[in-house]
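See below for the structure under consideration.
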Amino acid sequence: MAEAAIELIGIDKSFGAVRANRDINLDIERGTIRGIVGENGAGKSTLMSILYGFYQADSGDIRVNGMPAVIRAPNDAIALGIGMVHQHFMLVENFTVLENVILGAETEALLKTSIARARSELERLEREYGLEVDPDAIIEELPVGLQQRVEILKALYRGAEILILDEPTGVLTPPEADHLFRILRQLKEQGKTIVLITHKLREIMAITDTVSVMRQGTIVATRETAKTTVEELAELMVGRRVLLRVDKGAANPGAVKLSLRNLTIRDSRGVTMVDDVSFDVRGGEIVGIAGVAGNGQSELIEAIAGIRPAVSGTVMLDGRPIHVTSICDPGELRDRGLAHVPEDRHHVGLVLAFEQSENCILGYHDQKQYLKGPFLDGDAIIADARTKSRLYDIRPSNPRLRTANFSGGNQQKIVLAREMEQDPGVLVVGQPTRGVDVGAIEFIHRRLIDMRDRGKAVLLISVELDEIRSLSDRILVMFGGRVVGERGPDASEGELGLLMAGVEPRDAAA
Amino acid sequence: MSNPYARLPGWADYGLIPLVNLLVAFMVAGLVVLLVGENPLRAAVILVDGAFGSGPGIAYTLYYATNFIFTGLAVAVAFHAGLFNIGGEGQAYIGGLGVGIVCLAFDHVLPWYLTFPGAIAAAAGAGALWALIPAYLQARRGSHIVITTIMFNFIAASAMVYLLVDVLKPPGSMAPQTRQFAEGAQLPKLTWMLEAFGLSLRSAPLNMAFVLALVLAAAVWVLIWRTRLGYEIRTFGFSPKAARYAGISETRITVVTMMISGALAGMMALNPVMGDQHNVSLDFVSGAGFVGIAVALMGRSHPAGIVPAAILFGVLYQGGAELAFEMPAISRDMIVIIQGLVILFAGALENMFRPAVQALLAGAGPRAAAVVAAKGGDA
Amino acid sequence: MELFGIAINVLDSTIRLSVPLLLASLAGLYSERAGVFDIGLEGKMLAGAFAGAAAGAVTGSAWAGMATAVLISVGFALVHGFASITHRGNQIVSGVAINFIAAGSTIILGQAWFQQGGRTPSLGEAARFGAITLPGADLLRGVPLLGPVYSELVSGHSLLVYIAFLAVPFTWWVLFRTRFGLRLRAVGENPAAVDTAGISVAWLRYRAVICTGVLAGLAGTYLSMAQNAGFVKDMTAGKGFIALAALIFAKWKPVPAMFACLLFGFLDALSIRLQGTPLPLIGRVPVQLMQALPYILTVILLAGFIGKAIPPRAGGVPYVKER
């Protein structure tokens with residue numbers, strides 16, 4: 001077989017207490033396409049950042065083309081022929097394509113010759129790989145697919161023999177993705193080595209030669225793509241974790257509390273994030289939305305909670321509409337009985353610099369019980385925080401402690417206590433147990449079930465498939481901004497995994 | 001996560017670090033004194049003696065401090081909403097216009113205690129209005145408030161020169177200032193306060209505005225930490241995203257906070273205009289708006305820090321005058337240097353000594369180290 | 001014909017008054033284009049003016065004065081860089097600090113060294129940048145129209161005036177035709193792109209800040225060693241901020257910056273010329289309105305009523321490598 005272009009030997013990397021990579025050993029053969037799959041947070045991007053010199057490994061060795069390599073900065077990686085296409089493009093948006101391509105790779109102090117050389121080189125690359133792009137176009141005026149092509153051109157222009165692509169199709173439409181794959185195949189035929197990081201199994205099956213699966217910072221398996229199946233990969237990716245089964249009775253759905261019709265949301269750049277989504281949530285049921293991060297779930301719940309405007313569609317709360325097409329007042333929604341546990345508790349759900357008691361009233365700070373005229377009723381607020389600490393077992397029980405000093409699990413309990421104790425009719429929850437310790441997870445799950453059993457409507461989004469499966473009474477799967485399927489709570493992990501990866505189960509056999 | 005520096009225990013964060021920064025600022029200032037051939041230690045003694053050595057000295061110190069309490073509070077209130085109001089100078093100047101108009105209208109009719117409330121309202125209103133436009137432009141049109149408030153300082157200066165030279169100057173007078181106010185617009189001096197300590201005030205201009213400044217310092221504390229509005233201001237200042245989540249309007253908070261800030265800056269005019277010179281003259285603000293930045297930075301935007309920081313600058317201004325008298329090589333502009341150094345070290349370079357202090361604390365003992373680890377380790 | 005004479009006169013003083021603005025504005029351009037906001041132009045200019053005049057007075061050499069001015073101004077620029085690049089401090093706060101330190105120290109040191117109330121001694125001819133008569137200026141003087149324009153408007157300025165106006169195309173060339181310029185613009189827009197391209201963000205920004213120091217030093221030199229014959233306290237009198245306004249007005253581009261500075265210089269020249277004289281139709285325009293006009297125009301621009309001033313995207317934000 002061909003020799004290895006890259007060998008990683010015993011790579012370890014920690015960020016504070018988090019071990020992002022542990023004892024990674026990986027050989028990538030020259031002239032092949034290697035897929036690296038894994039869930040969010042499995043450590044894929046960290047590993048590739050180490051290879052590109054953005055971070056240094058705590059321990060371990062890297063060999064490139066059989067030679068020991070020291071990669072301390074992107075410069076070193078570039079010199080070794082490693083190029084990277086980042087998930088978030090590293091482009092200067094108001095520069096032309098040419099300017100972006102030569103940035104950092106200019107040969108002389110004057111640009112003229114560099115630009116001329118780049119222009120002819122781009123023409124050559126265009127001929128050889130079909131990488132067409134107008135060299136004088138301004139980046140921000142190009143569609144996302146072409147911007148990505150510029151990133152690839154940047155790497156090739158620097159003589160990259162090894163090309164790392166981090167979630168390259170996340171921002172692409174299917175035709176754009178297909179075009180990208182054609183380009184990657186061509187690059188492979190020219191002898192380039194390609195590393196493709198993704199969580200989309202369909203892509204792995206379509207383009208890679210071999211695939212490595214990462215889970216919780218380690219590589220759990222490496223397979224020849226031709227000899228594996230989507231099902232096997234999905235299982236390896238998710239792992240046979242002990243399912244935290246929550247004891248719960250059958251759901252007893254009542255009247256429709258929350259109703260979405262044809263909701264469409266675009267981000268600030270005009271990219272459609274949520275595409276014509278309709279569904280209902282009834283009282284007494286938990287509806288879970290499964291999906292890989294970035295498929296529109298976040299935007300969906302933000303629009304429902306009134307902090308992100310939608311383009312079109314309607315949302316009804318208890319049969320009355322919410323003004324979703326403009327940013328409406330989240331305070332008004334709270335008054336109408338809609339509570340929201342946001343995904344990002346550090347920047348949205350909490351003010352970390354506040355005392356715990358102050359966070360216990362965030363969003364409800366205009367309620368009478370916390371006020372004496374224009375003044376905050378300090379005693380009432382402290383008493384309220386104490387009650388919540390007791391009910392939700394928030395530790396330490398110290399309402400005056402800065403929120404930043406609580407553990408992740410206790411911070412999340414502060415948010416949950418605040419939102420649930422208002423006794424809302426509808427609860428929208430995002431990532432309720434992200435970064436939360438096991439003990440707290442069970443507690444939080446129990447509380448969500450209680451809400452359901454008291455006849456409340458709960459809409460849950462989570463990237464933890466386990467969580468969705470163990471809590472939900474109905475599961476909607478989102479992919480590419482659309483709801484691509486609805487399943488019962490007994491749907492198998494594999495089936496949901498395929499839907500989340502954008503594969504219809506019946507296609508999988510093909 | 002955006003803050004690359006780990007957190008320190010509160011006493012170090014609010015006590016030790018500002019102290020270290022201040023010390024370094026004064027040491028560098030000492031070098032300047034050395035450079036002009038004087039003895040920095042002797043300069044320090046003269047400075048402190050000039051500020052505290054006599055009744056009038058103390059009174060002058062507090063008179064200057066009064067200005068800086070107003071402007072320091074103004075900058076601090078805006079800081080709490082994450083806004084940098086660099087326009088205190090202009091807001092105070094325009095505030096003086098408000099004071100002047102009320103005084104000129106009522107000084108012959110009303111006693112001071114009736115003119116004063118009207119003048120307070122006019123000063124606050126004028127200052128608030130001058131801050132309103134930059135605030136609105138920031139909230140609705142995205143114009144950077146730092147730049148617009150700087151521009152408004154210059155516009156205020158030009159407007160006031162025009163008004164004083166062409167409109168408010170009494171006919172026949174040469175000086176570009178209003179006429180002297182009658183007794184109905186002169187604030188009483190705080191003679192009783194110093195006499196209580198057995199000191200005499202003599203001609204020093206310490207007046208009722210000092211009491212107002214202290215009251216406002218308390219009021220700002222209540223506003224920021226004890227009212228619903230203050231809660232909203234702080235939420236917005238710490239995290240605009242959390243504010244939006246909580247249903248707090250960005251526009252409303254930006255505009256209201258800046259108007260409060262402008263009002264506080266505007267009220268600074270009461271002290272020199274009604275309390276000392278009894279007219280509105282050119283340049284009566286003379287940099288107090290900018291000193292407010294240093295005071296707010298040093299006082300960590302908390303009234304309990306701002307009042308002592310303002311008094312410290314009062315000491316510098318009063319002691320500096322004394323110093324200029326005793327050491328001909330040093331003029332009062334020495335204060336401007338110190339002010340700049342304090343802003344540099346307590347503001348822009350506030351994190352410079354942090355790693356060193358952290359290492360020191362971590363090495364000091366297992367307990368301190370544990371505190372640092374526990375607080376810094378939580379991502 | 002008398003009107004023509006007045007026009008030449010006003011335009012001539014326009015040029016003289018816009019030169020310090022132009023140099024300072026271009027100074028700010030380098031720093032701000034690299035993503036480091038600089039409201040300390042005023043301070044650097046002032047420190048440069050003092051250092052130049054002081055060195056000029058002591059050595060009797062204009063060149064020594066200029067070198068000292070540049071050196072001191074660069075020193076202040078490096079302090080700003082140290083605070084805002086290395087220590088990721090607040091760039092506004094750092095700029096304010098530099099303005100104060102410069103304002104205070106020029107007076108204190110001036111008084112201590114020269115004992116003339118903060119002034120430096122009057123500079124002799126050798127220690128100043130005097131007027132340069134361009135070739136043919138005397139010859140052409142008699143030619144109608146072209147003569148006065150060439151001999152009075154174009155010729156007869158100090159070296160620094162020509163440097164200032166040549167710095168405009170030069171800056172444009174550096175920014176858009178050199179590797180350094182490309183990287184400088186890139187780091188002000190997206191430092192992460194520069195970092196991943198293997199270029200040091202900090203070193204690039206430091207170089208930009210040094211350019212700022214050099215030009216701000218020249219602006220100061222012009223004030224105390226060409227326009228005047230010595231340093232007077234607070235002689236910048238807000239010019240650093242007008243320069244900043246001009247930079248914003250020009251949307252951070254060199255050639256428009258020149259026009260903005262000429263406009264603001266013209267307003268200044270006009271207000272001096274018109275002092276008290278009523279204008280036809282409008283009547284008497286208060287001098288102060290003319291003086292405030294640059295600031296008012298800038299606010300209107302910032303409000304988005306005449307185009308939109310979009311600053312460099314990474315401006316004012318310290319670069320922290322993403323985790």
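Residues in the structure tokens are named by chain (A, B, ... in the order shown) and by number from 1 within that chain; ligands are numbered from 1 in the order shown.
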Near segment 300-307 of chain A, within 10 Å and counting only C-alpha atoms, which residues show up once chain neighbours fewer than 2 positions away are dropped, as a ChimeraX atom specification? /A:258-260,263-265,273-275,277,295-298,309-311,314-317,322-334,338-343,427-430,459-461,481 /B:241,244-247
Write out, as CSV, each residue of chain C that has an atom at most 12 Å from chain A, together with the closest pair of atoms and their distance in Å to one decimal, counting only C-alpha atoms, rows going by chain and rising number.
```
residue,atom,partner,partner_atom,distance
C:Trp173,CA,A:Leu110,CA,9.7
C:Val174,CA,A:Leu110,CA,8.8
C:Leu175,CA,A:Leu111,CA,10.4
C:Phe176,CA,A:Leu111,CA,8.3
C:Arg177,CA,A:Leu111,CA,5.5
C:Thr178,CA,A:Leu110,CA,4.3
C:Arg179,CA,A:Ala109,CA,5.1
C:Phe180,CA,A:Ala109,CA,7.0
C:Gly181,CA,A:Leu111,CA,9.3
C:Leu182,CA,A:Leu103,CA,7.2
C:Arg183,CA,A:Leu103,CA,6.7
C:Leu184,CA,A:Leu103,CA,10.4
C:Arg185,CA,A:Val92,CA,9.0
C:Ala186,CA,A:Val92,CA,6.1
C:Val187,CA,A:Val92,CA,8.7
C:Gly188,CA,A:Val92,CA,9.4
C:Glu189,CA,A:Val92,CA,6.3
C:Asn190,CA,A:Val92,CA,5.7
C:Pro191,CA,A:Val92,CA,8.7
C:Ala192,CA,A:Met90,CA,6.4
C:Ala193,CA,A:Met90,CA,4.4
C:Val194,CA,A:Gly104,CA,7.2
C:Asp195,CA,A:Pro74,CA,7.7
C:Thr196,CA,A:Pro74,CA,5.8
C:Ala197,CA,A:Gly104,CA,5.3
C:Gly198,CA,A:Asn75,CA,4.4
C:Ile199,CA,A:Gly104,CA,6.3
C:Ser200,CA,A:Ala73,CA,9.8
C:Val201,CA,A:Gly104,CA,11.4
C:Leu204,CA,A:Gly104,CA,11.7
C:Ile310,CA,A:Asn94,CA,11.6
C:Pro312,CA,A:Asn94,CA,10.0
C:Arg313,CA,A:Glu93,CA,9.7
C:Ala314,CA,A:Val92,CA,10.7
C:Lys321,CA,A:Phe54,CA,8.8
C:Glu322,CA,A:Phe54,CA,9.5
C:Arg323,CA,A:Phe15,CA,8.8
```
Those residues you just picked out, can you put them in a file as an mmCIF file, in the first residue's frame with C-alpha atoms?
```cif
data_model
loop_
_atom_site.group_PDB
_atom_site.id
_atom_site.type_symbol
_atom_site.label_atom_id
_atom_site.label_comp_id
_atom_site.auth_asym_id
_atom_site.auth_seq_id
_atom_site.Cartn_x
_atom_site.Cartn_y
_atom_site.Cartn_z
ATOM 1 C CA TRP C 173 0.122 52.874 -3.230
ATOM 2 C CA VAL C 174 1.246 51.210 0.004
ATOM 3 C CA LEU C 175 -2.269 50.182 0.874
ATOM 4 C CA PHE C 176 -3.336 48.813 -2.469
ATOM 5 C CA ARG C 177 -0.147 47.891 -4.285
ATOM 6 C CA THR C 178 2.139 46.354 -1.685
ATOM 7 C CA ARG C 179 2.190 43.165 0.326
ATOM 8 C CA PHE C 180 2.311 45.157 3.544
ATOM 9 C CA GLY C 181 -0.789 47.098 2.536
ATOM 10 C CA LEU C 182 -2.715 43.991 1.620
ATOM 11 C CA ARG C 183 -1.948 42.399 4.954
ATOM 12 C CA LEU C 184 -2.641 45.615 6.825
ATOM 13 C CA ARG C 185 -6.086 45.925 5.300
ATOM 14 C CA ALA C 186 -6.735 42.241 5.903
ATOM 15 C CA VAL C 187 -5.854 42.394 9.585
ATOM 16 C CA GLY C 188 -8.281 45.251 10.083
ATOM 17 C CA GLU C 189 -11.073 43.289 8.470
ATOM 18 C CA ASN C 190 -10.523 39.712 9.599
ATOM 19 C CA PRO C 191 -7.500 39.028 11.798
ATOM 20 C CA ALA C 192 -8.384 35.333 11.944
ATOM 21 C CA ALA C 193 -7.839 35.096 8.177
ATOM 22 C CA VAL C 194 -4.424 36.665 8.619
ATOM 23 C CA ASP C 195 -3.581 34.365 11.503
ATOM 24 C CA THR C 196 -4.535 31.212 9.594
ATOM 25 C CA ALA C 197 -2.537 32.438 6.614
ATOM 26 C CA GLY C 198 0.490 32.183 8.867
ATOM 27 C CA ILE C 199 1.085 35.888 9.500
ATOM 28 C CA SER C 200 1.541 37.363 12.979
ATOM 29 C CA VAL C 201 -1.415 39.581 13.793
ATOM 30 C CA LEU C 204 1.474 43.479 11.694
ATOM 31 C CA ILE C 310 -18.403 51.590 7.673
ATOM 32 C CA PRO C 312 -12.832 48.382 9.321
ATOM 33 C CA ARG C 313 -14.733 45.384 10.630
ATOM 34 C CA ALA C 314 -12.233 44.285 13.237
ATOM 35 C CA LYS C 321 -7.509 33.364 19.111
ATOM 36 C CA GLU C 322 -10.765 31.458 19.094
ATOM 37 C CA ARG C 323 -10.998 28.450 21.347
#
```
When DSSP works through the backbone of this structure, what residues of segment 82-202 of chain A end up as strand (DSSP E), shown as a CSV table (one decimal) with C-alpha atoms, in the first residue's frame?
```
chain,number,residue,atom,x,y,z
A,82,ILE,CA,-1.0,20.9,4.7
A,83,GLY,CA,-4.0,23.1,3.8
A,84,MET,CA,-7.2,23.6,5.6
A,85,VAL,CA,-10.7,24.7,4.7
A,162,ILE,CA,-2.9,17.4,2.1
A,163,LEU,CA,-6.2,19.1,2.3
A,164,ILE,CA,-8.4,19.1,5.4
A,165,LEU,CA,-12.0,20.1,5.1
A,166,ASP,CA,-13.9,20.8,8.3
A,193,THR,CA,-4.6,13.5,0.2
A,194,ILE,CA,-7.9,14.7,1.6
A,195,VAL,CA,-9.3,14.6,5.1
A,196,LEU,CA,-13.0,15.2,5.3
A,197,ILE,CA,-14.5,16.0,8.7
A,198,THR,CA,-18.3,15.7,8.8
```
Give me every alpha helix (DSSP H) residue in segment 399-448 of chain A, going by DSSP on the backbone, as JSON, numbers by chain. {"A": [408, 409, 410, 411, 412, 413, 414, 415, 416, 417, 418, 419, 420, 438, 439, 440, 441, 442, 443, 444, 445, 446, 447, 448]}
Let's have the selection written as a tab-separated table (two decimals), in the first residue's frame, with N, CA and C atoms.
```
chain	number	residue	atom	x	y	z
A	408	GLY	N	-21.79	23.92	35.94
A	408	GLY	CA	-22.69	23.94	34.79
A	408	GLY	C	-24.07	23.41	35.12
A	409	GLY	N	-24.10	22.30	35.85
A	409	GLY	CA	-25.39	21.70	36.20
A	409	GLY	C	-26.23	22.62	37.07
A	410	ASN	N	-25.59	23.26	38.02
A	410	ASN	CA	-26.34	24.15	38.91
A	410	ASN	C	-26.76	25.43	38.19
A	411	GLN	N	-25.93	25.90	37.25
A	411	GLN	CA	-26.34	27.05	36.45
A	411	GLN	C	-27.61	26.69	35.66
A	412	GLN	N	-27.61	25.50	35.09
A	412	GLN	CA	-28.76	25.11	34.30
A	412	GLN	C	-30.00	24.99	35.19
A	413	LYS	N	-29.79	24.52	36.41
A	413	LYS	CA	-30.93	24.42	37.32
A	413	LYS	C	-31.47	25.81	37.67
A	414	ILE	N	-30.59	26.80	37.73
A	414	ILE	CA	-31.06	28.16	38.00
A	414	ILE	C	-31.99	28.60	36.88
A	415	VAL	N	-31.60	28.32	35.64
A	415	VAL	CA	-32.44	28.71	34.50
A	415	VAL	C	-33.77	27.94	34.54
A	416	LEU	N	-33.65	26.62	34.73
A	416	LEU	CA	-34.86	25.81	34.73
A	416	LEU	C	-35.82	26.22	35.85
A	417	ALA	N	-35.26	26.46	37.03
A	417	ALA	CA	-36.10	26.84	38.15
A	417	ALA	C	-36.86	28.12	37.82
A	418	ARG	N	-36.13	29.07	37.22
A	418	ARG	CA	-36.76	30.34	36.89
A	418	ARG	C	-37.90	30.14	35.89
A	419	GLU	N	-37.64	29.36	34.86
A	419	GLU	CA	-38.64	29.23	33.81
A	419	GLU	C	-39.80	28.33	34.22
A	420	MET	N	-39.50	27.26	34.97
A	420	MET	CA	-40.56	26.32	35.32
A	420	MET	C	-41.43	26.82	36.46
A	438	VAL	N	-24.00	14.06	35.49
A	438	VAL	CA	-25.00	12.99	35.37
A	438	VAL	C	-26.13	13.13	36.40
A	439	GLY	N	-25.76	13.45	37.64
A	439	GLY	CA	-26.78	13.56	38.67
A	439	GLY	C	-27.84	14.59	38.30
A	440	ALA	N	-27.35	15.73	37.80
A	440	ALA	CA	-28.27	16.81	37.45
A	440	ALA	C	-29.12	16.44	36.24
A	441	ILE	N	-28.54	15.65	35.35
A	441	ILE	CA	-29.29	15.27	34.14
A	441	ILE	C	-30.58	14.55	34.55
A	442	GLU	N	-30.43	13.61	35.45
A	442	GLU	CA	-31.60	12.84	35.87
A	442	GLU	C	-32.66	13.75	36.48
A	443	PHE	N	-32.18	14.66	37.32
A	443	PHE	CA	-33.08	15.59	37.98
A	443	PHE	C	-33.83	16.43	36.96
A	444	ILE	N	-33.09	16.95	35.98
A	444	ILE	CA	-33.69	17.83	34.98
A	444	ILE	C	-34.71	17.04	34.14
A	445	HIS	N	-34.35	15.83	33.78
A	445	HIS	CA	-35.29	15.02	33.00
A	445	HIS	C	-36.58	14.76	33.78
A	446	ARG	N	-36.40	14.47	35.05
A	446	ARG	CA	-37.57	14.22	35.92
A	446	ARG	C	-38.51	15.43	35.90
A	447	ARG	N	-37.90	16.61	36.00
A	447	ARG	CA	-38.70	17.84	36.03
A	447	ARG	C	-39.47	18.05	34.74
A	448	LEU	N	-38.81	17.74	33.63
A	448	LEU	CA	-39.48	17.94	32.34
A	448	LEU	C	-40.68	16.99	32.22
```
Best match for closeness to chain B among A:Val97, A:Val211, A:Ile286, A:Val18, counting only C-alpha atoms: A:Val18
Separation of atom CA of Phe114 of chain C from atom CA of Phe231 of chain C, in Å and rounded to one decimal: 11.0 Å
Go through chain B and flag each residue having an atom no more than 7 Å from chain C; for those, report the closest pair of atoms plus their distance in Å to one decimal, using only C-alpha atoms, ordered by chain and rising number, as JSON lines.
```
{"residue": "B:Val36", "atom": "CA", "partner": "C:Ala112", "partner_atom": "CA", "distance": 5.5}
{"residue": "B:Leu137", "atom": "CA", "partner": "C:Ala303", "partner_atom": "CA", "distance": 6.0}
{"residue": "B:Arg141", "atom": "CA", "partner": "C:Ala303", "partner_atom": "CA", "distance": 5.8}
{"residue": "B:Ser143", "atom": "CA", "partner": "C:Leu302", "partner_atom": "CA", "distance": 5.2}
{"residue": "B:Thr148", "atom": "CA", "partner": "C:Val299", "partner_atom": "CA", "distance": 6.0}
{"residue": "B:Met151", "atom": "CA", "partner": "C:Tyr295", "partner_atom": "CA", "distance": 5.2}
{"residue": "B:Phe154", "atom": "CA", "partner": "C:Ala292", "partner_atom": "CA", "distance": 6.7}
{"residue": "B:Ile155", "atom": "CA", "partner": "C:Ala292", "partner_atom": "CA", "distance": 5.3}
{"residue": "B:Ser158", "atom": "CA", "partner": "C:Gln288", "partner_atom": "CA", "distance": 5.0}
{"residue": "B:Ala159", "atom": "CA", "partner": "C:Gln288", "partner_atom": "CA", "distance": 6.7}
{"residue": "B:Tyr162", "atom": "CA", "partner": "C:Gln288", "partner_atom": "CA", "distance": 6.0}
{"residue": "B:Ala329", "atom": "CA", "partner": "C:Ala112", "partner_atom": "CA", "distance": 5.0}
{"residue": "B:Ile330", "atom": "CA", "partner": "C:Ile108", "partner_atom": "CA", "distance": 6.1}
{"residue": "B:Ser331", "atom": "CA", "partner": "C:Ile108", "partner_atom": "CA", "distance": 6.3}
{"residue": "B:Asp333", "atom": "CA", "partner": "C:Gly104", "partner_atom": "CA", "distance": 5.0}
{"residue": "B:Met334", "atom": "CA", "partner": "C:Gly104", "partner_atom": "CA", "distance": 5.9}
{"residue": "B:Val336", "atom": "CA", "partner": "C:Gly104", "partner_atom": "CA", "distance": 4.9}
{"residue": "B:Ile337", "atom": "CA", "partner": "C:Ile101", "partner_atom": "CA", "distance": 4.5}
{"residue": "B:Gln339", "atom": "CA", "partner": "C:Phe100", "partner_atom": "CA", "distance": 6.9}
{"residue": "B:Gly340", "atom": "CA", "partner": "C:Ala97", "partner_atom": "CA", "distance": 4.3}
{"residue": "B:Leu341", "atom": "CA", "partner": "C:Ala97", "partner_atom": "CA", "distance": 6.5}
{"residue": "B:Ile343", "atom": "CA", "partner": "C:Ala97", "partner_atom": "CA", "distance": 5.3}
{"residue": "B:Leu344", "atom": "CA", "partner": "C:Ala97", "partner_atom": "CA", "distance": 5.1}
{"residue": "B:Gly347", "atom": "CA", "partner": "C:Val93", "partner_atom": "CA", "distance": 6.2}
{"residue": "B:Ala348", "atom": "CA", "partner": "C:Gly89", "partner_atom": "CA", "distance": 4.5}
{"residue": "B:Leu349", "atom": "CA", "partner": "C:Ala83", "partner_atom": "CA", "distance": 5.5}
{"residue": "B:Asn351", "atom": "CA", "partner": "C:His87", "partner_atom": "CA", "distance": 6.7}
{"residue": "B:Met352", "atom": "CA", "partner": "C:His87", "partner_atom": "CA", "distance": 6.3}
```
Hey, list the chain A side of the contact with chain B: 9 Å cut-off, only C-alpha atoms, answer as JSON, numbers by chain. {"A": [16, 17, 305, 306, 307, 328, 329, 330, 331, 332, 340, 342, 345, 346, 347, 348, 349, 350, 351, 352, 353, 354, 358, 362, 363, 364, 365, 366, 371, 372, 373, 374, 375, 376, 377, 378, 404, 405, 406, 407, 408]}
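Between atom CA of Leu247 of chain C and atom CA of Ser224 of chain C the interatomic distance comes to 22.7 Å.
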Atom pair atom CA of Pro134 of chain B / atom CA of Thr149 of chain B: separation (Å):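 That distance, rounded to one decimal, is 6.1 Å.
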Residues of segment 41-99 of chain B that have any atom at most 12 Å from an atom of segment 254-258 of chain B: could you tabulate them with the shortest-distance atom pair and the distance in Å to one decimal, using only C-alpha atoms, ordered by chain and increasing number, as a Markdown table?
```
| residue | atom | partner | partner_atom | distance |
| --- | --- | --- | --- | --- |
| B:Leu73 | CA | B:Thr257 | CA | 11.8 |
| B:Ala74 | CA | B:Met258 | CA | 8.6 |
| B:Val75 | CA | B:Met258 | CA | 9.3 |
| B:Ala76 | CA | B:Thr257 | CA | 10.4 |
| B:Val77 | CA | B:Thr257 | CA | 6.9 |
| B:Ala78 | CA | B:Thr257 | CA | 6.1 |
| B:Phe79 | CA | B:Thr257 | CA | 9.4 |
| B:His80 | CA | B:Thr257 | CA | 8.8 |
| B:Ala81 | CA | B:Thr257 | CA | 7.0 |
| B:Gly82 | CA | B:Thr254 | CA | 9.1 |
| B:Leu83 | CA | B:Thr254 | CA | 7.8 |
| B:Phe84 | CA | B:Met258 | CA | 9.3 |
| B:Asn85 | CA | B:Met258 | CA | 7.5 |
| B:Ile86 | CA | B:Met258 | CA | 10.9 |
| B:Gly87 | CA | B:Met258 | CA | 10.1 |
| B:Gly88 | CA | B:Met258 | CA | 10.4 |
| B:Gln91 | CA | B:Met258 | CA | 10.7 |
```
